[in-house]
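File shown here: my_file.tsv, holding TSV, C-alpha atoms.
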```tsv
chain	number	residue	atom	x	y	z
A	1	MET	CA	127.77	120.42	76.00
A	2	SER	CA	128.71	117.08	77.51
A	3	TRP	CA	126.43	113.99	77.11
A	4	ARG	CA	125.72	114.05	80.79
A	5	SER	CA	124.08	117.48	80.85
A	6	SER	CA	122.09	116.80	77.72
A	7	LEU	CA	120.79	113.49	79.02
A	8	SER	CA	119.70	114.34	82.54
A	9	PRO	CA	116.81	116.70	81.64
A	10	LEU	CA	115.57	113.95	79.36
A	11	LEU	CA	115.62	111.40	82.17
A	12	ILE	CA	113.72	113.71	84.47
A	13	LEU	CA	111.24	114.34	81.69
A	14	LEU	CA	110.74	110.63	81.14
A	15	CYS	CA	109.74	109.77	84.65
A	16	GLY	CA	108.36	113.18	85.60
A	17	CYS	CA	109.59	112.95	89.16
A	18	SER	CA	112.67	113.29	91.31
A	19	PRO	CA	115.32	110.55	91.33
A	20	GLY	CA	114.68	107.81	93.91
A	21	ALA	CA	110.93	107.99	93.43
A	22	SER	CA	110.79	106.64	89.90
A	23	PRO	CA	107.71	104.47	89.32
A	24	PRO	CA	108.29	100.90	90.48
A	25	VAL	CA	108.03	98.06	87.97
A	26	SER	CA	106.15	94.91	88.95
A	27	GLY	CA	107.53	91.50	88.04
A	28	ILE	CA	103.90	90.32	87.83
A	29	PRO	CA	102.18	92.18	85.00
A	30	GLU	CA	99.05	90.02	85.38
A	31	PRO	CA	98.27	89.40	89.07
A	32	ARG	CA	96.43	86.17	89.80
A	33	SER	CA	95.07	85.19	93.20
A	34	GLY	CA	96.40	82.15	95.02
A	35	TYR	CA	92.83	80.84	94.78
A	36	HIS	CA	93.56	79.68	91.22
A	37	PHE	CA	96.46	77.54	92.42
A	38	GLN	CA	94.34	75.61	94.93
A	39	SER	CA	92.55	72.30	94.34
A	40	GLN	CA	88.90	72.27	93.31
A	41	ASP	CA	87.90	71.06	96.80
A	42	THR	CA	89.70	73.93	98.51
A	43	GLN	CA	88.17	76.45	96.10
A	44	ASN	CA	84.71	75.01	96.78
A	45	LEU	CA	85.24	75.36	100.52
A	46	GLN	CA	86.24	79.01	100.12
A	47	ASP	CA	83.24	79.70	97.87
A	48	ASP	CA	80.73	78.18	100.30
A	49	ASP	CA	79.82	80.95	102.72
A	50	PHE	CA	78.37	78.48	105.15
A	51	ALA	CA	81.08	75.81	105.19
A	52	ASN	CA	84.11	78.11	104.88
A	53	PRO	CA	85.55	77.72	108.40
A	54	GLY	CA	87.00	81.24	108.23
A	55	MET	CA	83.44	82.51	108.57
A	56	LEU	CA	83.49	81.33	112.22
A	57	TRP	CA	86.02	84.12	112.87
A	58	VAL	CA	84.00	86.63	110.85
A	59	ASP	CA	81.03	85.78	113.08
A	60	GLY	CA	83.19	86.14	116.20
A	61	GLY	CA	84.57	89.47	114.95
A	62	MET	CA	81.06	90.78	114.45
A	63	VAL	CA	80.30	90.09	118.13
A	64	LEU	CA	83.49	91.89	119.27
A	65	TRP	CA	82.67	94.78	116.92
A	66	THR	CA	79.48	95.55	118.83
A	67	GLU	CA	80.79	94.84	122.36
A	68	ALA	CA	81.64	97.97	124.36
A	69	PRO	CA	84.59	97.78	126.79
A	70	GLU	CA	83.60	97.51	130.47
A	71	THR	CA	84.99	100.99	131.11
A	72	GLY	CA	82.02	102.46	129.23
A	73	LYS	CA	84.12	103.59	126.28
A	74	PRO	CA	82.40	103.16	122.89
A	75	ALA	CA	82.33	99.93	120.90
A	76	CYS	CA	83.77	99.81	117.39
A	77	ALA	CA	80.17	99.90	116.13
A	78	ASP	CA	79.45	103.11	118.07
A	79	CYS	CA	82.03	105.00	116.00
A	80	HIS	CA	81.97	103.10	112.69
A	81	HIS	CA	79.22	101.77	110.44
A	82	ALA	CA	80.19	98.32	109.24
A	83	ALA	CA	79.29	99.49	105.72
A	84	ASP	CA	82.00	102.15	105.97
A	85	MET	CA	84.57	99.38	106.37
A	86	SER	CA	83.91	98.26	102.80
A	87	GLY	CA	87.11	98.81	100.84
A	88	VAL	CA	89.25	99.67	103.88
A	89	ALA	CA	91.24	96.40	103.85
A	90	SER	CA	91.86	96.85	100.12
A	91	ARG	CA	93.82	100.05	100.73
A	92	TYR	CA	95.88	98.84	103.70
A	93	PRO	CA	98.71	99.05	104.71
A	94	ALA	CA	98.38	102.83	104.69
A	95	TYR	CA	100.55	105.69	105.86
A	96	ASP	CA	99.47	107.38	109.10
A	97	LYS	CA	100.58	110.97	109.44
A	98	SER	CA	100.45	111.26	113.23
A	99	LEU	CA	102.50	108.09	113.72
A	100	ASP	CA	104.70	108.76	110.68
A	101	THR	CA	104.65	105.12	109.66
A	102	VAL	CA	102.63	102.64	107.62
A	103	LEU	CA	100.06	100.59	109.50
A	104	ASN	CA	98.54	97.32	108.39
A	105	LEU	CA	94.94	96.47	109.20
A	106	GLU	CA	95.80	94.68	112.45
A	107	ALA	CA	97.85	97.65	113.66
A	108	ARG	CA	95.09	100.08	112.68
A	109	ILE	CA	92.53	98.06	114.64
A	110	ASN	CA	94.84	97.90	117.65
A	111	HIS	CA	95.43	101.65	117.35
A	112	CYS	CA	91.68	102.26	117.70
A	113	ARG	CA	91.66	99.88	120.62
A	114	THR	CA	94.37	101.68	122.56
A	115	GLU	CA	93.67	105.28	121.49
A	116	ARG	CA	89.88	105.29	121.17
A	117	GLN	CA	88.85	102.60	123.61
A	118	GLY	CA	91.65	102.94	126.19
A	119	GLU	CA	92.12	99.18	126.17
A	120	PRO	CA	95.38	97.22	125.93
A	121	ALA	CA	96.38	96.21	122.40
A	122	TYR	CA	95.47	92.65	121.43
A	123	PRO	CA	98.57	90.48	121.02
A	124	TRP	CA	99.55	89.60	117.45
A	125	GLU	CA	97.86	86.46	116.19
A	126	SER	CA	95.49	86.38	119.18
A	127	GLU	CA	91.96	85.14	118.55
A	128	PRO	CA	90.24	88.53	119.10
A	129	LEU	CA	92.64	90.36	116.78
A	130	LEU	CA	92.26	87.68	114.09
A	131	SER	CA	88.48	87.79	114.47
A	132	LEU	CA	88.18	91.57	114.21
A	133	THR	CA	90.60	91.61	111.27
A	134	ALA	CA	88.63	88.86	109.53
A	135	TYR	CA	85.39	90.77	110.13
A	136	VAL	CA	86.76	94.07	108.82
A	137	ALA	CA	88.60	92.46	105.87
A	138	HIS	CA	85.48	90.51	104.93
A	139	GLN	CA	83.70	93.84	104.28
A	140	SER	CA	86.17	94.36	101.41
A	141	ARG	CA	85.38	91.12	99.65
A	142	GLY	CA	85.25	91.88	95.94
A	143	VAL	CA	86.78	95.36	96.32
A	144	PRO	CA	89.90	95.70	94.13
A	145	VAL	CA	93.15	96.27	95.98
A	146	GLU	CA	94.69	99.71	95.61
A	147	VAL	CA	97.28	101.00	98.06
A	148	ASP	CA	98.88	104.43	98.16
A	149	ILE	CA	102.67	104.24	97.86
A	150	SER	CA	103.25	107.91	97.09
A	151	GLY	CA	105.05	110.51	99.21
A	152	PRO	CA	105.90	109.45	102.76
A	153	ALA	CA	104.75	105.85	102.11
A	154	ARG	CA	107.37	105.38	99.41
A	155	PRO	CA	110.41	104.59	101.62
A	156	PHE	CA	108.42	101.83	103.37
A	157	PHE	CA	107.39	100.45	100.00
A	158	ASP	CA	110.99	100.56	98.74
A	159	ALA	CA	112.19	98.66	101.82
A	160	GLY	CA	109.54	96.01	101.19
A	161	GLU	CA	110.53	95.72	97.55
A	162	THR	CA	114.16	95.25	98.56
A	163	TYR	CA	113.30	92.53	101.08
A	164	PHE	CA	111.28	90.72	98.41
A	165	HIS	CA	114.32	90.49	96.15
A	166	GLU	CA	116.96	89.63	98.78
A	167	ARG	CA	118.25	86.08	99.07
A	168	ARG	CA	118.07	84.54	102.54
A	169	GLY	CA	118.29	81.36	104.56
A	170	GLN	CA	120.38	78.23	104.10
A	171	MET	CA	118.67	77.75	100.75
A	172	ASN	CA	119.70	81.20	99.65
A	173	LEU	CA	116.39	81.99	97.97
A	174	ALA	CA	114.44	85.24	97.68
A	175	CYS	CA	110.67	85.64	97.60
A	176	VAL	CA	110.97	86.56	93.93
A	177	HIS	CA	112.43	83.17	93.07
A	178	CYS	CA	109.52	81.09	94.27
A	179	HIS	CA	106.72	83.57	93.58
A	180	GLU	CA	107.79	84.94	90.19
A	181	HIS	CA	110.37	82.63	88.58
A	182	TYR	CA	108.79	79.28	89.56
A	183	VAL	CA	105.08	80.09	89.60
A	184	GLY	CA	102.96	77.06	88.71
A	185	GLN	CA	105.65	74.51	89.64
A	186	MET	CA	105.25	72.11	92.54
A	187	LEU	CA	107.11	72.51	95.80
A	188	ARG	CA	106.35	69.33	97.71
A	189	GLY	CA	102.54	69.29	97.89
A	190	ASP	CA	102.10	72.98	97.06
A	191	LYS	CA	101.68	74.56	93.66
A	192	LEU	CA	103.66	77.78	93.81
A	193	SER	CA	101.43	80.83	93.40
A	194	GLN	CA	102.38	84.45	92.86
A	195	GLY	CA	102.33	85.02	96.63
A	196	GLN	CA	99.35	87.38	96.55
A	197	PRO	CA	98.13	88.77	99.89
A	198	VAL	CA	94.46	89.39	99.04
A	199	GLY	CA	92.71	86.62	101.02
A	200	TYR	CA	94.06	87.35	104.49
A	201	PRO	CA	93.41	86.39	107.19
A	202	ILE	CA	93.09	82.88	105.70
A	203	TYR	CA	91.86	79.55	106.96
A	204	ARG	CA	94.78	77.26	106.22
A	205	LEU	CA	93.99	73.55	106.22
A	206	GLU	CA	97.49	72.69	107.37
A	207	TRP	CA	97.09	74.97	110.39
A	208	GLN	CA	93.51	73.83	111.02
A	209	THR	CA	92.82	77.41	111.98
A	210	LEU	CA	92.75	81.01	110.83
A	211	GLY	CA	96.04	82.88	110.48
A	212	SER	CA	97.39	86.26	109.45
A	213	LEU	CA	99.55	87.17	106.47
A	214	GLN	CA	102.53	87.45	108.81
A	215	ARG	CA	102.01	83.90	109.99
A	216	ARG	CA	102.11	82.80	106.32
A	217	LEU	CA	105.21	84.92	105.65
A	218	ARG	CA	107.01	83.44	108.64
A	219	PHE	CA	106.46	80.02	107.03
A	220	CYS	CA	108.02	81.38	103.84
A	221	ASN	CA	111.04	82.32	105.99
A	222	THR	CA	111.41	78.91	107.61
A	223	GLY	CA	110.75	77.30	104.22
A	224	VAL	CA	114.15	78.53	103.09
A	225	ARG	CA	115.65	77.80	106.54
A	226	ALA	CA	115.92	81.45	107.51
A	227	GLU	CA	115.15	82.66	111.02
A	228	PRO	CA	111.59	84.02	110.80
A	229	LEU	CA	111.09	87.71	111.55
A	230	ALA	CA	109.04	88.41	114.67
A	231	PHE	CA	105.31	89.14	114.48
A	232	GLY	CA	104.77	92.88	114.22
A	233	ALA	CA	108.22	93.59	112.75
A	234	GLN	CA	108.22	96.79	110.69
A	235	THR	CA	109.74	94.81	107.80
A	236	TRP	CA	106.57	92.72	107.56
A	237	THR	CA	104.41	95.81	107.12
A	238	ASN	CA	106.82	97.06	104.45
A	239	VAL	CA	106.64	93.70	102.65
A	240	GLU	CA	102.86	93.70	102.99
A	241	LEU	CA	102.71	97.15	101.37
A	242	TYR	CA	104.86	95.91	98.50
A	243	LEU	CA	102.75	92.75	98.09
A	244	LYS	CA	99.50	94.73	98.12
A	245	TRP	CA	100.82	97.14	95.47
A	246	ARG	CA	101.90	94.14	93.39
A	247	ALA	CA	98.31	92.82	93.75
A	248	THR	CA	96.71	96.05	92.47
A	249	GLY	CA	93.29	95.35	90.98
A	250	LEU	CA	92.78	91.89	92.52
A	251	PRO	CA	89.54	91.72	94.51
A	252	GLY	CA	89.64	91.13	98.29
A	253	GLU	CA	88.81	87.51	99.26
A	254	ALA	CA	88.94	87.32	103.05
A	255	PRO	CA	88.55	84.86	104.58
A	256	ALA	CA	90.23	82.76	101.87
A	257	VAL	CA	90.92	79.03	102.29
A	258	ARG	CA	94.35	77.65	101.46
A	259	ARG	CA	95.91	74.20	101.64
B	260	MET	CA	86.79	81.20	118.72
B	261	ALA	CA	83.67	79.80	120.36
B	262	GLY	CA	80.58	79.43	118.23
B	263	ALA	CA	78.42	77.36	115.95
B	264	ARG	CA	76.93	78.03	112.55
B	265	ILE	CA	73.64	76.34	111.74
B	266	SER	CA	71.77	76.37	108.45
B	267	VAL	CA	68.17	75.14	108.65
B	268	PRO	CA	64.95	76.46	107.09
B	269	SER	CA	62.48	78.06	109.53
B	270	ARG	CA	59.44	76.58	107.73
B	271	ALA	CA	58.68	73.55	105.60
B	272	ARG	CA	55.75	71.65	104.13
B	273	SER	CA	54.69	68.42	105.85
B	274	GLY	CA	56.61	65.49	104.37
B	275	GLU	CA	59.29	67.73	102.87
B	276	VAL	CA	62.91	66.58	103.25
B	277	ILE	CA	64.93	69.51	104.55
B	278	SER	CA	68.70	69.77	104.60
B	279	ILE	CA	70.53	70.84	107.73
B	280	LYS	CA	74.16	71.97	107.97
B	281	THR	CA	76.21	72.66	111.08
B	282	LEU	CA	79.73	73.99	111.58
B	283	PHE	CA	81.15	73.97	115.10
B	284	SER	CA	84.20	75.92	116.19
B	285	HIS	CA	86.62	73.55	117.91
B	286	PRO	CA	90.39	72.84	117.64
B	287	MET	CA	89.95	69.01	117.70
B	288	GLU	CA	93.43	68.66	119.16
B	289	THR	CA	94.43	65.02	118.62
B	290	GLY	CA	96.64	64.54	121.67
B	291	TYR	CA	99.36	63.13	119.42
B	292	ARG	CA	101.12	66.39	118.62
B	293	ARG	CA	103.99	68.09	120.40
B	294	ASP	CA	104.67	71.80	120.73
B	295	ALA	CA	107.85	73.69	119.80
B	296	LEU	CA	109.46	72.60	123.08
B	297	GLY	CA	108.65	68.94	122.52
B	298	LEU	CA	105.92	68.82	125.17
B	299	ALA	CA	102.80	66.81	124.40
B	300	ILE	CA	99.76	68.94	123.54
B	301	PRO	CA	96.87	67.43	125.51
B	302	ARG	CA	93.96	65.94	123.65
B	303	ASP	CA	90.96	68.25	123.34
B	304	ILE	CA	88.12	67.00	121.16
B	305	VAL	CA	84.36	67.10	120.75
B	306	SER	CA	83.26	63.53	121.32
B	307	GLU	CA	79.60	63.62	120.36
B	308	PHE	CA	77.16	65.59	118.24
B	309	VAL	CA	73.41	64.99	118.39
B	310	CYS	CA	70.56	66.71	116.57
B	311	SER	CA	67.08	66.12	118.04
B	312	TYR	CA	63.80	67.05	116.40
B	313	ASP	CA	60.89	67.56	118.78
B	314	GLY	CA	62.67	65.41	121.37
B	315	ARG	CA	63.73	62.54	119.06
B	316	ALA	CA	67.37	62.10	118.04
B	317	VAL	CA	67.45	62.29	114.24
B	318	PHE	CA	71.22	62.48	113.74
B	319	ARG	CA	74.05	61.34	115.98
B	320	ALA	CA	77.79	61.28	115.40
B	321	GLU	CA	80.64	60.01	117.55
B	322	LEU	CA	83.87	61.95	117.00
B	323	ASN	CA	87.42	60.71	117.48
B	324	PRO	CA	90.93	62.15	117.34
B	325	GLY	CA	91.94	62.64	113.73
B	326	ILE	CA	88.73	64.39	112.72
B	327	ALA	CA	89.58	67.84	111.40
B	328	ALA	CA	89.15	71.01	113.43
B	329	ASN	CA	85.80	72.83	113.27
B	330	PRO	CA	83.68	69.76	112.46
B	331	TYR	CA	81.06	70.18	109.75
B	332	PHE	CA	77.96	67.98	109.39
B	333	ALA	CA	75.30	68.03	106.69
B	334	PHE	CA	72.28	65.75	106.86
B	335	SER	CA	68.59	65.55	105.90
B	336	VAL	CA	65.44	65.29	107.99
B	337	ARG	CA	61.84	64.70	106.95
B	338	ALA	CA	59.67	67.52	108.31
B	339	ASP	CA	56.48	66.04	109.75
B	340	ARG	CA	55.54	68.32	112.66
B	341	SER	CA	56.27	71.77	114.01
B	342	GLY	CA	58.84	71.66	116.76
B	343	THR	CA	62.25	72.49	118.08
B	344	LEU	CA	65.47	71.31	116.52
B	345	GLU	CA	68.16	70.95	119.17
B	346	PHE	CA	71.85	70.76	118.32
B	347	ARG	CA	74.11	69.44	121.05
B	348	TRP	CA	77.89	69.15	120.99
B	349	THR	CA	79.57	67.40	123.94
B	350	ASP	CA	83.32	67.56	124.45
B	351	GLN	CA	85.55	64.89	126.02
B	352	ASP	CA	85.16	66.50	129.47
B	353	GLY	CA	81.38	66.59	129.30
B	354	ASN	CA	81.07	70.30	128.50
B	355	VAL	CA	77.95	70.84	126.44
B	356	THR	CA	77.06	73.48	123.85
B	357	VAL	CA	73.40	73.61	122.86
B	358	GLU	CA	71.70	75.63	120.13
B	359	THR	CA	68.04	75.45	119.12
B	360	ARG	CA	66.01	76.44	116.05
B	361	GLU	CA	62.24	76.44	115.62
B	362	LEU	CA	60.79	74.70	112.61
B	363	ALA	CA	57.20	75.51	111.54
B	364	VAL	CA	55.58	72.78	109.45
B	365	GLU	CA	52.50	73.51	107.35
B	366	PRO	CA	50.17	70.71	106.28
```
As structure tokens, the full file:
Amino acid sequence: MSWRSSLSPLLILLCGCSPGASPPVSGIPEPRSGYHFQSQDTQNLQDDDFANPGMLWVDGGMVLWTEAPETGKPACADCHHAADMSGVASRYPAYDKSLDTVLNLEARINHCRTERQGEPAYPWESEPLLSLTAYVAHQSRGVPVEVDISGPARPFFDAGETYFHERRGQMNLACVHCHEHYVGQMLRGDKLSQGQPVGYPIYRLEWQTLGSLQRRLRFCNTGVRAEPLAFGAQTWTNVELYLKWRATGLPGEAPAVRR
Amino acid sequence: MAGARISVPSRARSGEVISIKTLFSHPMETGYRRDALGLAIPRDIVSEFVCSYDGRAVFRAELNPGIAANPYFAFSVRADRSGTLEFRWTDQDGNVTVETRELAVEP
């Protein structure tokens, strides 16, 4: 008996699954929200439900949620109870069988808009899409993140994991460098966090407005002088799935406030 | 995102000092920035905020470029009569947003 044939049953036994789908290993054994890397003032602003400017978008989203399209099709609120949205953001992105792809929260909302309301999709980063996303994500505040990366979701997850570890841009840096190797160090005025996605959409003081996770990630592209990927690129949803898995157990925070 | 958030009690005792907070949704575009193509982004600011209590102005602020987006004000008022609190934001072009809240004051 050669070593090869005696070893392979052992390997299969160890991971209990087929090759290629072995359990992923996180470089962040103890996830910590970006909140803890912000100044006291910024944390206070996030904690104050009145003064947190992101709440303006939550308010706006609540109005859109109850507004029926002019065609007479139902409003979001006619099909969903707001209470049922609790925890939804914490398990997105999620695999959708009929579309055979993973959808993030924005794409899921737009899917309801086109398929259930017969309305045109809201453009990425538009005010109504940000508002509805903020409203829905806010219902998951405090709900621990847990995404499903099994079965058909796994290839999307794997692609996101790969992107996270690839070097890019003139600076030749990967996400993993800044958000795992240099966590806690200063990069200009920012203290590098673990790059956790749990507070999105966020009110960013530098933007003076609310923005999506993809808007943040595009900054992380230009930060290393790489051409930013377009809004809505499949790669972003894959990366988001990887980031959310890496954040497993962290409570939702939307709308968070960041520098 | 149009809208205002206002925090004010609906009732108070006569002589009580109540705290009022307002948050107004506005980009407060300074007029000094340029877009990705290098074109000037026109100035777009709220220029005045006034809170009146039963017809009297009790708080007034003049706003200028350089004040952050979504201006937030917190101030105190002594409750001495039942009446309407009016919150009025006026932008540089004279467009006005008004919100009102009723305050019931018990002796």
From B:Cys310, B:Val317, B:Ala328, B:Val276, residue lying nearest chain A [only C-alpha atoms]:
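Under the stated criterion, the closest residue is B:Ala328.
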Counting only C-alpha atoms, chain A residues within 10 Å of chain B, as a VMD selection string:
chain A and resid 50 to 61 127 to 128 130 to 131 205 207 to 210
Measure the distance from CA of Ser278 in chain B to CA of Phe346 in chain B in Å and round it to one decimal.
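Separation of CA of Ser278 in chain B and CA of Phe346 in chain B: 14.1 Å.
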Can you pull out the residues contacting Val102 in chain A? Cut-off 7 Å, using only C-alpha atoms, and skip same-chain residues under 2 positions away; I want them as a PyMOL selection string.
chain A and resi 93-96+104+153
By how many Å are CA of His36 in chain A and CA of Val239 in chain A apart?
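Between CA of His36 in chain A and CA of Val239 in chain A the gap works out to 22.3 Å.
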What is the distance between CA of Glu253 in chain A and CA of Ala137 in chain A, in Å to one decimal?
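We find that CA of Glu253 in chain A and CA of Ala137 in chain A lie 8.3 Å from each other.
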Taking all atoms listed in the file into account, which of B:Val267, B:Val355, B:Val364, B:Ile277 comes nearest Val309 in chain B?
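Answer, going by the shortest atom-to-atom distance: B:Val355.
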Which residue of B:Val336, B:Ala316, B:Ile304, B:Pro366 approaches Gln351 in chain B most closely, using only C-alpha atoms:
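Using only C-alpha atoms, the shortest distance to Gln351 in chain B belongs to B:Ile304.
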Using all atoms listed in the file for the distances, tell me which of A:Pro29, A:Gln38, A:Ile149, A:Val63 is nearest to Ser193 in chain A.
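Closest residue, counting all atoms listed in the file: A:Gln38.
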Selection near Ser150 in chain A, 12 Å with all atoms listed in the file, sequence-local residues under 3 positions removed, as number ranges by chain:
A: 17, 20-24, 94-95, 102, 146-147, 153-158, 241, 245
Test item: residues at most 6 Å from Gly274 in chain B, all atoms listed in the file, excluding those fewer than 6 positions along its chain, as a PyMOL selection string:
chain B and resi 337-339
Neighbouring residues of range 247-252 of chain A were defined as those with any atom within 9 Å, considering all atoms listed in the file; residues of the same chain fewer than 3 positions away were excluded. Please report them as a ChimeraX atom specification.
/A:28,30-33,87,89-90,137-147,196-200,242-244,255
Determine, counting all atoms listed in the file, which protein, DNA and RNA residues have an atom within 7 Å of an atom of Tyr312 in chain B; residues of the same chain fewer than 5 positions away are not included. Present the result as a list in words.
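Listing them by chain and then by number gives Val317, Gly342, Thr343, Leu344 and Glu345 of chain B.
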Choose the residue, out of B:Leu362, B:Leu296, B:Ala320, B:Ile326, that has the smallest atom-to-atom separation from Arg272 in chain B; count only C-alpha atoms.
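Looking at the shortest contact to Arg272 in chain B, the residue is B:Leu362.
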Nearest to Glu361 in chain B, chosen from B:Thr349, B:Ser335, B:Leu298, B:Asp313, with all atoms listed in the file counted in the distances
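Nearest to Glu361 in chain B: B:Asp313.
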Could you pull out every residue with an atom within 9 Å of (94.7, 99.4, 110.8), file coordinates, counting only C-alpha atoms, and send them as a VMD selection string?
chain A and resid 88 to 89 92 to 94 103 to 112 133
